[in-house]
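Structure file query.pdb (PDB, C-alpha atoms) follows.
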MODEL        1
ATOM      1  CA  ASN H  24      77.905  91.024 135.472  1.00  0.00           C
ATOM      2  CA  SER H  25      80.882  91.335 137.804  1.00  0.00           C
ATOM      3  CA  ALA H  26      81.263  87.571 138.358  1.00  0.00           C
ATOM      4  CA  GLU H  27      84.468  86.039 137.006  1.00  0.00           C
ATOM      5  CA  PRO H  28      85.277  82.434 136.014  1.00  0.00           C
ATOM      6  CA  GLY H  29      85.522  80.358 139.181  1.00  0.00           C
ATOM      7  CA  ASP H  30      82.890  82.434 141.006  1.00  0.00           C
ATOM      8  CA  GLU H  31      79.551  81.207 142.251  1.00  0.00           C
ATOM      9  CA  VAL H  32      76.439  83.370 142.347  1.00  0.00           C
ATOM     10  CA  TYR H  33      74.484  82.175 145.394  1.00  0.00           C
ATOM     11  CA  LEU H  34      70.806  83.013 145.867  1.00  0.00           C
ATOM     12  CA  PRO H  35      69.327  82.519 149.348  1.00  0.00           C
ATOM     13  CA  SER H  36      65.761  81.213 149.628  1.00  0.00           C
ATOM     14  CA  GLY H  37      63.186  83.705 148.407  1.00  0.00           C
ATOM     15  CA  VAL H  38      61.232  84.784 145.346  1.00  0.00           C
ATOM     16  CA  TYR H  39      63.238  86.776 142.794  1.00  0.00           C
ATOM     17  CA  ASN H  40      60.918  88.687 140.442  1.00  0.00           C
ATOM     18  CA  LEU H  41      62.607  89.235 137.083  1.00  0.00           C
ATOM     19  CA  ASN H  42      60.773  92.077 135.384  1.00  0.00           C
ATOM     20  CA  SER H  43      60.833  92.319 131.621  1.00  0.00           C
ATOM     21  CA  THR H  44      60.042  94.933 129.018  1.00  0.00           C
ATOM     22  CA  LEU H  45      58.433  94.327 125.629  1.00  0.00           C
ATOM     23  CA  ASP H  46      61.868  94.065 123.955  1.00  0.00           C
ATOM     24  CA  THR H  47      63.397  91.693 126.542  1.00  0.00           C
ATOM     25  CA  LEU H  48      64.144  88.233 125.155  1.00  0.00           C
ATOM     26  CA  VAL H  49      66.311  86.906 127.998  1.00  0.00           C
ATOM     27  CA  ASN H  50      66.336  87.759 131.712  1.00  0.00           C
ATOM     28  CA  LEU H  51      69.747  86.261 132.594  1.00  0.00           C
ATOM     29  CA  LYS H  52      72.727  85.548 130.317  1.00  0.00           C
ATOM     30  CA  LEU H  53      75.091  83.134 132.036  1.00  0.00           C
ATOM     31  CA  LYS H  54      78.877  83.299 131.712  1.00  0.00           C
ATOM     32  CA  SER H  55      81.578  80.659 131.322  1.00  0.00           C
ATOM     33  CA  GLY H  56      82.956  79.373 134.602  1.00  0.00           C
ATOM     34  CA  VAL H  57      80.324  81.127 136.751  1.00  0.00           C
ATOM     35  CA  ASN H  58      77.969  78.810 138.653  1.00  0.00           C
ATOM     36  CA  LEU H  59      74.449  79.820 139.686  1.00  0.00           C
ATOM     37  CA  ARG H  60      73.211  78.084 142.855  1.00  0.00           C
ATOM     38  CA  GLY H  61      70.106  78.517 144.941  1.00  0.00           C
ATOM     39  CA  GLU H  62      69.863  77.627 148.612  1.00  0.00           C
ATOM     40  CA  ASP H  63      67.036  75.126 148.038  1.00  0.00           C
ATOM     41  CA  GLN H  64      65.233  73.851 144.942  1.00  0.00           C
ATOM     42  CA  SER H  65      61.763  74.457 146.376  1.00  0.00           C
ATOM     43  CA  THR H  66      62.374  77.771 148.145  1.00  0.00           C
ATOM     44  CA  THR H  67      64.716  79.650 145.786  1.00  0.00           C
ATOM     45  CA  ILE H  68      62.360  80.808 143.050  1.00  0.00           C
ATOM     46  CA  LEU H  69      63.211  82.857 139.965  1.00  0.00           C
ATOM     47  CA  LYS H  70      59.975  84.249 138.507  1.00  0.00           C
ATOM     48  CA  THR H  71      59.994  85.909 135.084  1.00  0.00           C
ATOM     49  CA  SER H  72      57.401  88.295 133.728  1.00  0.00           C
ATOM     50  CA  LEU H  73      58.310  87.270 130.145  1.00  0.00           C
ATOM     51  CA  ASN H  74      55.030  86.402 128.469  1.00  0.00           C
ATOM     52  CA  LYS H  75      54.233  85.429 124.888  1.00  0.00           C
ATOM     53  CA  VAL H  76      57.555  86.724 123.520  1.00  0.00           C
ATOM     54  CA  LYS H  77      58.873  84.558 120.669  1.00  0.00           C
ATOM     55  CA  ASN H  78      62.320  82.998 121.328  1.00  0.00           C
ATOM     56  CA  SER H  79      62.362  84.255 124.916  1.00  0.00           C
ATOM     57  CA  ALA H  80      64.055  82.510 127.845  1.00  0.00           C
ATOM     58  CA  LEU H  81      64.522  83.155 131.540  1.00  0.00           C
ATOM     59  CA  MET H  82      68.177  82.009 131.208  1.00  0.00           C
ATOM     60  CA  LYS H  83      70.446  81.693 128.213  1.00  0.00           C
ATOM     61  CA  VAL H  84      73.800  79.960 127.931  1.00  0.00           C
ATOM     62  CA  SER H  85      75.115  81.000 124.510  1.00  0.00           C
ATOM     63  CA  GLY H  86      78.559  79.760 123.469  1.00  0.00           C
ATOM     64  CA  GLN H  87      79.540  79.360 127.140  1.00  0.00           C
ATOM     65  CA  HIS H  88      81.125  76.475 129.038  1.00  0.00           C
ATOM     66  CA  ASP H  89      82.043  75.003 132.414  1.00  0.00           C
ATOM     67  CA  LEU H  90      79.120  76.198 134.494  1.00  0.00           C
ATOM     68  CA  SER H  91      76.265  74.816 136.544  1.00  0.00           C
ATOM     69  CA  ILE H  92      72.722  75.856 137.409  1.00  0.00           C
ATOM     70  CA  THR H  93      71.546  74.205 140.647  1.00  0.00           C
ATOM     71  CA  ASN H  94      68.891  74.197 143.387  1.00  0.00           C
ATOM     72  CA  LEU H  95      66.313  76.547 141.861  1.00  0.00           C
ATOM     73  CA  THR H  96      62.707  76.736 140.735  1.00  0.00           C
ATOM     74  CA  LEU H  97      62.162  78.598 137.467  1.00  0.00           C
ATOM     75  CA  THR H  98      58.629  79.838 136.900  1.00  0.00           C
ATOM     76  CA  SER H  99      56.685  82.710 135.364  1.00  0.00           C
ATOM     77  CA  THR H 100      53.954  85.116 136.369  1.00  0.00           C
ATOM     78  CA  TRP H 101      51.593  83.482 133.825  1.00  0.00           C
ATOM     79  CA  ASN H 102      48.215  82.797 135.387  1.00  0.00           C
ATOM     80  CA  GLY H 103      46.069  81.398 132.579  1.00  0.00           C
ATOM     81  CA  VAL H 104      44.113  78.263 131.834  1.00  0.00           C
ATOM     82  CA  TYR H 105      45.956  74.978 131.159  1.00  0.00           C
ATOM     83  CA  THR H 106      44.875  72.546 128.456  1.00  0.00           C
ATOM     84  CA  THR H 107      45.729  68.947 127.562  1.00  0.00           C
ATOM     85  CA  ASP H 108      44.767  69.300 123.868  1.00  0.00           C
ATOM     86  CA  HIS H 109      47.735  68.110 121.766  1.00  0.00           C
ATOM     87  CA  LYS H 110      46.042  68.999 118.459  1.00  0.00           C
ATOM     88  CA  VAL H 111      45.336  72.704 119.039  1.00  0.00           C
ATOM     89  CA  ASN H 112      47.619  75.317 120.596  1.00  0.00           C
ATOM     90  CA  ASN H 113      46.334  76.823 123.826  1.00  0.00           C
ATOM     91  CA  PRO H 114      45.093  80.357 123.004  1.00  0.00           C
ATOM     92  CA  ASP H 115      45.713  81.268 126.669  1.00  0.00           C
ATOM     93  CA  ALA H 116      49.335  79.978 126.694  1.00  0.00           C
ATOM     94  CA  GLY H 117      52.028  82.215 128.121  1.00  0.00           C
ATOM     95  CA  GLY H 118      55.296  82.507 129.950  1.00  0.00           C
ATOM     96  CA  PRO H 119      58.602  82.476 128.059  1.00  0.00           C
ATOM     97  CA  ASP H 120      59.202  80.116 125.126  1.00  0.00           C
ATOM     98  CA  SER H 121      61.880  78.319 127.189  1.00  0.00           C
ATOM     99  CA  MET H 122      63.123  78.596 130.739  1.00  0.00           C
ATOM    100  CA  ILE H 123      66.738  77.637 129.955  1.00  0.00           C
ATOM    101  CA  THR H 124      68.229  77.817 126.466  1.00  0.00           C
ATOM    102  CA  ILE H 125      71.675  76.265 126.032  1.00  0.00           C
ATOM    103  CA  ALA H 126      72.908  77.036 122.527  1.00  0.00           C
ATOM    104  CA  ASN H 127      75.838  77.814 120.300  1.00  0.00           C
ATOM    105  CA  PHE H 128      76.993  81.335 119.478  1.00  0.00           C
ATOM    106  CA  GLY H 129      77.831  81.292 115.778  1.00  0.00           C
ATOM    107  CA  GLU H 130      80.088  78.259 115.404  1.00  0.00           C
ATOM    108  CA  VAL H 131      81.018  78.214 119.121  1.00  0.00           C
ATOM    109  CA  PRO H 132      79.021  75.598 121.069  1.00  0.00           C
ATOM    110  CA  SER H 133      78.100  75.626 124.706  1.00  0.00           C
ATOM    111  CA  TYR H 134      79.657  72.686 126.558  1.00  0.00           C
ATOM    112  CA  ASN H 135      80.234  71.248 130.028  1.00  0.00           C
ATOM    113  CA  VAL H 136      76.997  72.714 131.398  1.00  0.00           C
ATOM    114  CA  THR H 137      75.105  71.015 134.237  1.00  0.00           C
ATOM    115  CA  VAL H 138      71.510  71.678 135.262  1.00  0.00           C
ATOM    116  CA  ASP H 139      70.986  69.904 138.598  1.00  0.00           C
ATOM    117  CA  GLY H 140      68.065  70.026 141.007  1.00  0.00           C
ATOM    118  CA  VAL H 141      66.017  72.563 139.066  1.00  0.00           C
ATOM    119  CA  THR H 142      62.203  72.682 138.887  1.00  0.00           C
ATOM    120  CA  VAL H 143      60.892  74.164 135.639  1.00  0.00           C
ATOM    121  CA  GLU H 144      57.277  75.258 135.066  1.00  0.00           C
ATOM    122  CA  LYS H 145      54.973  77.774 133.341  1.00  0.00           C
ATOM    123  CA  TYR H 146      56.689  78.028 129.934  1.00  0.00           C
ATOM    124  CA  SER H 147      55.144  77.486 126.523  1.00  0.00           C
ATOM    125  CA  ARG H 148      57.595  75.457 124.409  1.00  0.00           C
ATOM    126  CA  MET H 149      60.628  73.884 126.132  1.00  0.00           C
ATOM    127  CA  GLY H 150      61.690  73.737 129.763  1.00  0.00           C
ATOM    128  CA  VAL H 151      65.339  73.229 128.794  1.00  0.00           C
ATOM    129  CA  ARG H 152      66.354  73.665 125.159  1.00  0.00           C
ATOM    130  CA  ILE H 153      69.743  72.222 124.203  1.00  0.00           C
ATOM    131  CA  ASP H 154      70.742  73.428 120.756  1.00  0.00           C
ATOM    132  CA  ASN H 155      73.997  72.692 118.860  1.00  0.00           C
ATOM    133  CA  SER H 156      75.828  72.049 122.115  1.00  0.00           C
ATOM    134  CA  ARG H 157      77.664  69.158 123.721  1.00  0.00           C
ATOM    135  CA  ASP H 158      78.413  67.615 127.104  1.00  0.00           C
ATOM    136  CA  ILE H 159      75.254  69.006 128.692  1.00  0.00           C
ATOM    137  CA  VAL H 160      73.874  67.169 131.755  1.00  0.00           C
ATOM    138  CA  VAL H 161      70.347  67.648 133.104  1.00  0.00           C
ATOM    139  CA  ARG H 162      69.829  65.681 136.307  1.00  0.00           C
ATOM    140  CA  ARG H 163      67.551  65.447 139.343  1.00  0.00           C
ATOM    141  CA  SER H 164      65.242  68.063 137.834  1.00  0.00           C
ATOM    142  CA  THR H 165      61.453  68.339 137.577  1.00  0.00           C
ATOM    143  CA  PHE H 166      59.458  69.493 134.563  1.00  0.00           C
ATOM    144  CA  ARG H 167      55.764  70.319 134.875  1.00  0.00           C
ATOM    145  CA  ASN H 168      52.934  72.660 133.967  1.00  0.00           C
ATOM    146  CA  ALA H 169      53.773  73.733 130.418  1.00  0.00           C
ATOM    147  CA  THR H 170      51.246  76.367 129.370  1.00  0.00           C
ATOM    148  CA  ASP H 171      50.775  74.816 125.911  1.00  0.00           C
ATOM    149  CA  VAL H 172      51.021  71.189 124.742  1.00  0.00           C
ATOM    150  CA  GLY H 173      49.762  71.732 121.183  1.00  0.00           C
ATOM    151  CA  PRO H 174      51.554  71.312 117.829  1.00  0.00           C
ATOM    152  CA  GLY H 175      54.619  73.236 116.689  1.00  0.00           C
ATOM    153  CA  GLY H 176      57.010  72.260 119.460  1.00  0.00           C
ATOM    154  CA  ALA H 177      54.952  73.211 122.500  1.00  0.00           C
ATOM    155  CA  GLY H 178      55.107  71.729 126.000  1.00  0.00           C
ATOM    156  CA  TYR H 179      58.353  69.721 126.038  1.00  0.00           C
ATOM    157  CA  GLY H 180      60.320  69.208 129.248  1.00  0.00           C
ATOM    158  CA  VAL H 181      63.736  68.906 127.587  1.00  0.00           C
ATOM    159  CA  SER H 182      64.538  69.260 123.900  1.00  0.00           C
ATOM    160  CA  ILE H 183      67.918  68.221 122.488  1.00  0.00           C
ATOM    161  CA  GLN H 184      68.276  69.358 118.898  1.00  0.00           C
ATOM    162  CA  GLY H 185      70.841  70.039 116.218  1.00  0.00           C
ATOM    163  CA  MET H 186      70.679  71.594 112.779  1.00  0.00           C
ATOM    164  CA  ALA H 187      67.851  70.131 110.741  1.00  0.00           C
ATOM    165  CA  LYS H 188      68.878  68.057 107.713  1.00  0.00           C
ATOM    166  CA  GLN H 189      72.605  68.765 108.170  1.00  0.00           C
ATOM    167  CA  ASP H 190      75.261  66.200 109.011  1.00  0.00           C
ATOM    168  CA  ARG H 191      77.276  67.863 111.781  1.00  0.00           C
ATOM    169  CA  ASN H 192      79.441  64.832 112.665  1.00  0.00           C
ATOM    170  CA  GLY H 193      82.925  66.069 113.456  1.00  0.00           C
ATOM    171  CA  TYR H 194      81.922  69.720 113.805  1.00  0.00           C
ATOM    172  CA  GLU H 195      82.734  71.408 117.107  1.00  0.00           C
ATOM    173  CA  ASN H 196      79.111  72.514 117.529  1.00  0.00           C
ATOM    174  CA  ASP H 197      77.600  69.085 116.861  1.00  0.00           C
ATOM    175  CA  THR H 198      74.837  68.115 119.286  1.00  0.00           C
ATOM    176  CA  VAL H 199      76.510  65.146 121.010  1.00  0.00           C
ATOM    177  CA  TRP H 200      77.163  63.656 124.448  1.00  0.00           C
ATOM    178  CA  ASN H 201      74.139  65.208 126.150  1.00  0.00           C
ATOM    179  CA  VAL H 202      72.186  63.350 128.839  1.00  0.00           C
ATOM    180  CA  VAL H 203      69.039  63.717 130.932  1.00  0.00           C
ATOM    181  CA  GLU H 204      69.023  61.489 134.015  1.00  0.00           C
ATOM    182  CA  ASP H 205      67.116  60.923 137.262  1.00  0.00           C
ATOM    183  CA  SER H 206      64.561  63.610 136.383  1.00  0.00           C
ATOM    184  CA  HIS H 207      60.770  63.787 136.737  1.00  0.00           C
ATOM    185  CA  PHE H 208      58.362  64.741 133.974  1.00  0.00           C
ATOM    186  CA  GLU H 209      54.991  65.401 135.599  1.00  0.00           C
ATOM    187  CA  GLY H 210      51.762  65.485 133.561  1.00  0.00           C
ATOM    188  CA  PRO H 211      49.178  66.124 132.466  1.00  0.00           C
ATOM    189  CA  TYR H 212      50.396  69.524 131.240  1.00  0.00           C
ATOM    190  CA  LEU H 213      53.479  68.252 129.462  1.00  0.00           C
ATOM    191  CA  ARG H 214      54.074  66.731 126.051  1.00  0.00           C
TER     192      ARG H 214
ENDMDL
END
Whole structure given in structure tokens:
Amino acid sequence: NSAEPGDEVYLPSGVYNLNSTLDTLVNLKLKSGVNLRGEDQSTTILKTSLNKVKNSALMKVSGQHDLSITNLTLTSTWNGVYTTDHKVNNPDAGGPDSMITIANFGEVPSYNVTVDGVTVEKYSRMGVRIDNSRDIVVRRSTFRNATDVGPGGAGYGVSIQGMAKQDRNGYENDTVWNVVEDSHFEGPYLR
């Protein structure tokens, strides 16, 4: 909360348990101009206890800009049974809906956000959800072990989406100029 634009929040290697209550939707809300960096992608682990909470996320970037999320593993405490059934939702699915949600806030988009060197696992719907935002880069990241791969938007590594059935061309919060590059999508527990 005390970080200012231009600051970097650095997390040394270790497991960071993010405890949640029943009314928690988001563990961490990121701020414009404040970078979040772990020491090492495989040894700096953020673990959320969010489980089966609709629209939940470990991290949310909402109407923010000019920040990066790097060198981390994002996971959950979920310890259920995986399934590869794409026709039926996994009744044992858990974890947060998304690990990282990058979205607009009203008419204000998020922009100039980089996710680099992040491993994402144990979520039910989307590893990274990019919604009504622009200039978002996801690179050198790994997506694996979604807890559900059934219908209704479950089990995606990265989802880039705008407003359904609305032409947003020319609007500030149009979903444009987003890229996913040099990343790994590891099955079988991924859509």
For this session: Quick one: pull the distance between atom CA of H:Val151 and atom CA of H:Glu130, Å, one decimal.
Result: 20.5 Å
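With distances restricted to only C-alpha atoms, H:Gly118 is the closest residue to H:Ser79 from H:Gly210, H:Pro28, H:Gly118, H:Gly185.
Picked by the PyMOL selection byres ((chain H and resi 150) around 7) from the coordinates shown: Ser121, Met122, Ile123, Val143, Tyr146, Arg148, Met149, Val151, Arg152, Phe166, Tyr179, Gly180 and Val181 of chain H.
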Exercise. What gap, in Å, lies between atom CA of H:Arg214 and atom CA of H:Trp101?
Worked result: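 These two atoms are separated by 18.6 Å.
By all atoms listed in the file, and with residues fewer than 6 positions from H:Ile183 along its chain excluded, the set lying at most 10 Å from it is Ile125, Met149, Val151, Arg152, Ile153, Asp154, Asn155, Ser156, Arg157, Ile159, Thr198, Val199, Asn201, Val202 and Val203 of chain H.
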Take the residues just selected and output them with C-alpha atoms as a compact mmCIF listing (two decimals), in the coordinates of the input.
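This went into result04.txt:
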# COMPACT_ATOMS: atom_id res chain seq x y z
CA ILE H 125 71.68 76.26 126.03
CA MET H 149 60.63 73.88 126.13
CA VAL H 151 65.34 73.23 128.79
CA ARG H 152 66.35 73.67 125.16
CA ILE H 153 69.74 72.22 124.20
CA ASP H 154 70.74 73.43 120.76
CA ASN H 155 74.00 72.69 118.86
CA SER H 156 75.83 72.05 122.12
CA ARG H 157 77.66 69.16 123.72
CA ILE H 159 75.25 69.01 128.69
CA THR H 198 74.84 68.11 119.29
CA VAL H 199 76.51 65.15 121.01
CA ASN H 201 74.14 65.21 126.15
CA VAL H 202 72.19 63.35 128.84
CA VAL H 203 69.04 63.72 130.93
Exercise. What is the atom CA of H:His88 to atom CA of H:Ile68 distance in Å?
Worked result: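 Those two atoms sit 23.8 Å apart.
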For this session: Compare H:Asn127, H:Ser99, H:Thr137, H:Asn42 by their minimum atom-to-atom distance to H:Arg163, counting all atoms listed in the file, and give me the closest one.
Result: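 Smallest separation from H:Arg163 among the options: H:Thr137.
Once the PyMOL selection byres ((chain H and resi 34) around 6) is applied to the shown structure, the selection contains Tyr33, Pro35 and Gly61 of chain H.
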Seminar exercise, completed: Using only C-alpha atoms, the best pick from H:Asp205, H:Asp139, H:Asp46, H:Asp158 as closest to H:Asn58 would be H:Asp139
Exercise. Given the choices H:Val32, H:Ser182, H:Lys77, H:Trp200, which gets closest to H:Leu59 if the distance is worked out from all atoms listed in the file?
Worked result: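 Result for the nearest residue to H:Leu59: H:Val32.
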Padded axis-aligned box of stretch 147-163 of chain H (5 Å per side), centre and edge lengths, Å, one decimal, as JSON:
{"center_x": 66.8, "center_y": 71.5, "center_z": 129.1, "size_x": 33.3, "size_y": 22.0, "size_z": 30.5}
For this session: Would you list the residues near (56.6, 85.8, 124.9) (no more than 9 Å away, in the coordinates of the file, using all atoms listed in the file) as JSON, numbers by chain?
Result: {"H": [45, 48, 73, 74, 75, 76, 77, 78, 79, 80, 117, 118, 119, 120, 147]}
Name the residues, using the chain letters and numbers of the file, that sit within 10 Å of (76.9, 81.7, 117.4) when counting only C-alpha atoms, and give them as a tab-separated table (two decimals) with C-alpha atoms, in the frame of the given file.
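Result file is selection_0.tsv:
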chain	number	residue	atom	x	y	z
H	85	SER	CA	75.11	81.00	124.51
H	86	GLY	CA	78.56	79.76	123.47
H	126	ALA	CA	72.91	77.04	122.53
H	127	ASN	CA	75.84	77.81	120.30
H	128	PHE	CA	76.99	81.33	119.48
H	129	GLY	CA	77.83	81.29	115.78
H	130	GLU	CA	80.09	78.26	115.40
H	131	VAL	CA	81.02	78.21	119.12
H	132	PRO	CA	79.02	75.60	121.07
H	133	SER	CA	78.10	75.63	124.71
H	155	ASN	CA	74.00	72.69	118.86
H	196	ASN	CA	79.11	72.51	117.53
For this session: Name the residues captured by the PyMOL selection byres ((chain H and resi 96) around 9) when it is applied to the shown file; answer as a PyMOL selection string.
Result: chain H and resi 61+63-70+94-95+97-98+140-144
For this session: Extract, using all atoms listed in the file, all DNA, RNA and protein residues at most 8 Å from H:Leu53, discarding same-chain residues fewer than 3 positions from it, and format them as a PyMOL selection string.
Result: chain H and resi 57+82-85+87
Export, as a CSV table (one decimal), in the coordinates of the input, the selected residues with C-alpha atoms.
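Here's the written file out-v5.csv:
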chain,number,residue,atom,x,y,z
H,57,VAL,CA,80.3,81.1,136.8
H,82,MET,CA,68.2,82.0,131.2
H,83,LYS,CA,70.4,81.7,128.2
H,84,VAL,CA,73.8,80.0,127.9
H,85,SER,CA,75.1,81.0,124.5
H,87,GLN,CA,79.5,79.4,127.1
Problem set entry | Given only C-alpha atoms as the counted atoms, nearest of H:Leu90, H:Leu51, H:Ala169, H:Leu81 to H:Asp30 |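 Of the candidates, the smallest distance to H:Asp30 is held by H:Leu90.
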For N, CA and C atoms, please extract stretch 50-68 of chain H from the block and return it as a PDB file, in the first residue's frame.
ATOM      1  N   ASN H  50      -6.646 -11.026  -3.742  1.00  0.00           N
ATOM      2  CA  ASN H  50      -5.605 -10.947  -2.715  1.00  0.00           C
ATOM      3  C   ASN H  50      -4.770  -9.682  -2.851  1.00  0.00           C
ATOM      4  N   LEU H  51      -4.326  -9.355  -4.067  1.00  0.00           N
ATOM      5  CA  LEU H  51      -3.445  -8.203  -4.285  1.00  0.00           C
ATOM      6  C   LEU H  51      -3.996  -7.315  -5.396  1.00  0.00           C
ATOM      7  N   LYS H  52      -4.151  -6.013  -5.103  1.00  0.00           N
ATOM      8  CA  LYS H  52      -4.531  -5.037  -6.121  1.00  0.00           C
ATOM      9  C   LYS H  52      -3.286  -4.239  -6.449  1.00  0.00           C
ATOM     10  N   LEU H  53      -2.852  -4.331  -7.714  1.00  0.00           N
ATOM     11  CA  LEU H  53      -1.617  -3.665  -8.120  1.00  0.00           C
ATOM     12  C   LEU H  53      -1.888  -2.215  -8.518  1.00  0.00           C
ATOM     13  N   LYS H  54      -0.832  -1.386  -8.380  1.00  0.00           N
ATOM     14  CA  LYS H  54      -0.948   0.049  -8.595  1.00  0.00           C
ATOM     15  C   LYS H  54      -0.108   0.503  -9.781  1.00  0.00           C
ATOM     16  N   SER H  55      -0.551   1.555 -10.431  1.00  0.00           N
ATOM     17  CA  SER H  55       0.185   2.137 -11.557  1.00  0.00           C
ATOM     18  C   SER H  55       1.608   2.475 -11.162  1.00  0.00           C
ATOM     19  N   GLY H  56       2.552   2.108 -12.037  1.00  0.00           N
ATOM     20  CA  GLY H  56       3.941   2.484 -11.845  1.00  0.00           C
ATOM     21  C   GLY H  56       4.691   1.695 -10.799  1.00  0.00           C
ATOM     22  N   VAL H  57       4.055   0.699 -10.171  1.00  0.00           N
ATOM     23  CA  VAL H  57       4.700  -0.097  -9.130  1.00  0.00           C
ATOM     24  C   VAL H  57       4.904  -1.524  -9.661  1.00  0.00           C
ATOM     25  N   ASN H  58       6.167  -1.915  -9.813  1.00  0.00           N
ATOM     26  CA  ASN H  58       6.489  -3.243 -10.329  1.00  0.00           C
ATOM     27  C   ASN H  58       6.539  -4.260  -9.194  1.00  0.00           C
ATOM     28  N   LEU H  59       6.141  -5.487  -9.505  1.00  0.00           N
ATOM     29  CA  LEU H  59       6.201  -6.599  -8.558  1.00  0.00           C
ATOM     30  C   LEU H  59       7.152  -7.634  -9.139  1.00  0.00           C
ATOM     31  N   ARG H  60       8.253  -7.913  -8.414  1.00  0.00           N
ATOM     32  CA  ARG H  60       9.284  -8.819  -8.945  1.00  0.00           C
ATOM     33  C   ARG H  60       9.711  -9.816  -7.880  1.00  0.00           C
ATOM     34  N   GLY H  61       9.713 -11.083  -8.274  1.00  0.00           N
ATOM     35  CA  GLY H  61      10.243 -12.124  -7.416  1.00  0.00           C
ATOM     36  C   GLY H  61      11.705 -12.366  -7.722  1.00  0.00           C
ATOM     37  N   GLU H  62      12.392 -12.998  -6.791  1.00  0.00           N
ATOM     38  CA  GLU H  62      13.807 -13.319  -6.983  1.00  0.00           C
ATOM     39  C   GLU H  62      13.997 -14.344  -8.093  1.00  0.00           C
ATOM     40  N   ASP H  63      13.114 -15.357  -8.142  1.00  0.00           N
ATOM     41  CA  ASP H  63      13.250 -16.434  -9.118  1.00  0.00           C
ATOM     42  C   ASP H  63      11.873 -17.028  -9.411  1.00  0.00           C
ATOM     43  N   GLN H  64      11.600 -17.268 -10.687  1.00  0.00           N
ATOM     44  CA  GLN H  64      10.294 -17.779 -11.097  1.00  0.00           C
ATOM     45  C   GLN H  64       9.910 -19.072 -10.379  1.00  0.00           C
ATOM     46  N   SER H  65      10.852 -19.959 -10.163  1.00  0.00           N
ATOM     47  CA  SER H  65      10.505 -21.258  -9.575  1.00  0.00           C
ATOM     48  C   SER H  65      10.564 -21.277  -8.049  1.00  0.00           C
ATOM     49  N   THR H  66      11.184 -20.284  -7.437  1.00  0.00           N
ATOM     50  CA  THR H  66      11.330 -20.331  -5.977  1.00  0.00           C
ATOM     51  C   THR H  66      10.633 -19.188  -5.237  1.00  0.00           C
ATOM     52  N   THR H  67      10.056 -18.245  -5.958  1.00  0.00           N
ATOM     53  CA  THR H  67       9.245 -17.197  -5.337  1.00  0.00           C
ATOM     54  C   THR H  67       7.793 -17.538  -5.648  1.00  0.00           C
ATOM     55  N   ILE H  68       7.085 -18.032  -4.643  1.00  0.00           N
ATOM     56  CA  ILE H  68       5.763 -18.619  -4.851  1.00  0.00           C
ATOM     57  C   ILE H  68       4.712 -17.857  -4.042  1.00  0.00           C
TER      58      ILE H  68
END
